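Colleague: The structure is given below, and queries will be raised subsequently.
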Amino acid sequence: MNLRLREIVEELENARKMVDDATTPLTQQELDESPGPGRWTTGEILHHLYLTERKLIMILKKQVERARKKGLGPDTSEKSLLGSLDQFISESTIKKEKAPPELIPHRGLNKQELKSLLQQSRKELLEAISQLEPYDL
């Protein structure tokens, strides 16, 4: 895997570890506890993460197919891509956005089911990322 993709995967893995460390000790009741009106429970946030990863997987697969059809070559740059996302992170923490319908989570999913869904989506996401290497997207 090239340097830029490896860097992204490491960032994703670090973020997932933080999520796992924060949520593994929680009971089902704590996962389902509402923080207030109009706000998602921790369980809903985890389900939203799963739904978002699934959507990203679909997008990456489409991009790989387009790259194949166009005959794009490999990405030879070693310049980090992580800093290019900073503007979106700072903007998103200030303004609350409404999730599109396909990314709205379900409430009350079982803790084990959530864990299984997240393991599945992470495995598929890493596989989709590995398919990017031959192309300069």
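Convention: chains lettered A, B, ... in structure tokens order; per-chain residue numbering from 1; ligands numbered from 1 as shown.
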Can you pull out every residue within 8 Å of range 128-134 of chain A, counting only C-alpha atoms, but drop anything in the same chain fewer than 3 positions away, and send it as a list in words?

Modeller: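 Here the answer would be Met1, Asn2, Leu5, Ile57, Leu60, Lys61, Val64, Gly73, Pro74, Asp75, Glu124, Leu125 and Leu137 of chain A.
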
Colleague: Restricting the calculation to only C-alpha atoms: of A:Glu78, A:Asp136, A:Glu44, A:Glu53, which residue gets closest to Pro105 in chain A?

Modeller: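 Of A:Glu78, A:Asp136, A:Glu44, A:Glu53, the one nearest Pro105 in chain A is A:Glu44, counting only C-alpha atoms.
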
Colleague: Any chance you could list, as a ChimeraX atom specification, the residues in range 57-131 of chain A that come up alpha helix (DSSP H) when DSSP is run on the backbone?

Modeller: /A:57-70,86-94,111-130

Colleague: Kindly provide the residues of range 43-129 of chain A that approach range 13-21 of chain A to within 9 Å, each paired with its closest atom pair and their distance in Å to one decimal, based on only C-alpha atoms, listed by chain and increasing number, as JSON lines.

Modeller:
{"residue": "A:Leu46", "atom": "CA", "partner": "A:Val19", "partner_atom": "CA", "distance": 8.6}
{"residue": "A:Lys115", "atom": "CA", "partner": "A:Asp20", "partner_atom": "CA", "distance": 9.0}
{"residue": "A:Arg122", "atom": "CA", "partner": "A:Arg16", "partner_atom": "CA", "distance": 8.8}

Colleague: Calculated over only C-alpha atoms, which of the candidates A:Glu113, A:Thr27, A:Leu49, A:Leu82 has the smallest distance to Glu10 in chain A?

Modeller: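 Among the listed residues, the smallest separation from Glu10 in chain A belongs to A:Leu82.
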
Colleague: Please report the interatomic distance between CA of Gln112 in chain A and CA of Thr42 in chain A in Å with one decimal.

Modeller: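 Spanning CA of Gln112 in chain A to CA of Thr42 in chain A is a straight-line distance of 13.8 Å.
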
Colleague: For each of A:Ser116, A:Glu7, A:Arg107, A:Met58, take the minimum atom-to-atom distance to Glu33 in chain A, counting only C-alpha atoms, then give the residue where this is smallest.

Modeller: A:Arg107

Colleague: Which value, in Å to one decimal, gives the distance between CA of Lys62 in chain A and CA of His106 in chain A?

Modeller: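 Spanning CA of Lys62 in chain A to CA of His106 in chain A is a straight-line distance of 26.4 Å.
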
Colleague: Smallest atom-to-atom distance to Lys69 in chain A: which of A:Gly83, A:Gly43, A:Leu56, A:Tyr135, using only C-alpha atoms?

Modeller: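 Closest residue, counting only C-alpha atoms: A:Tyr135.
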
Colleague: I'd like the contact shell of Gly38 in chain A - 12 Å cut-off, only C-alpha atoms, skipping same-chain residues fewer than 3 positions apart - returned as a ChimeraX atom specification.

Modeller: /A:34-35,41,44,96,98
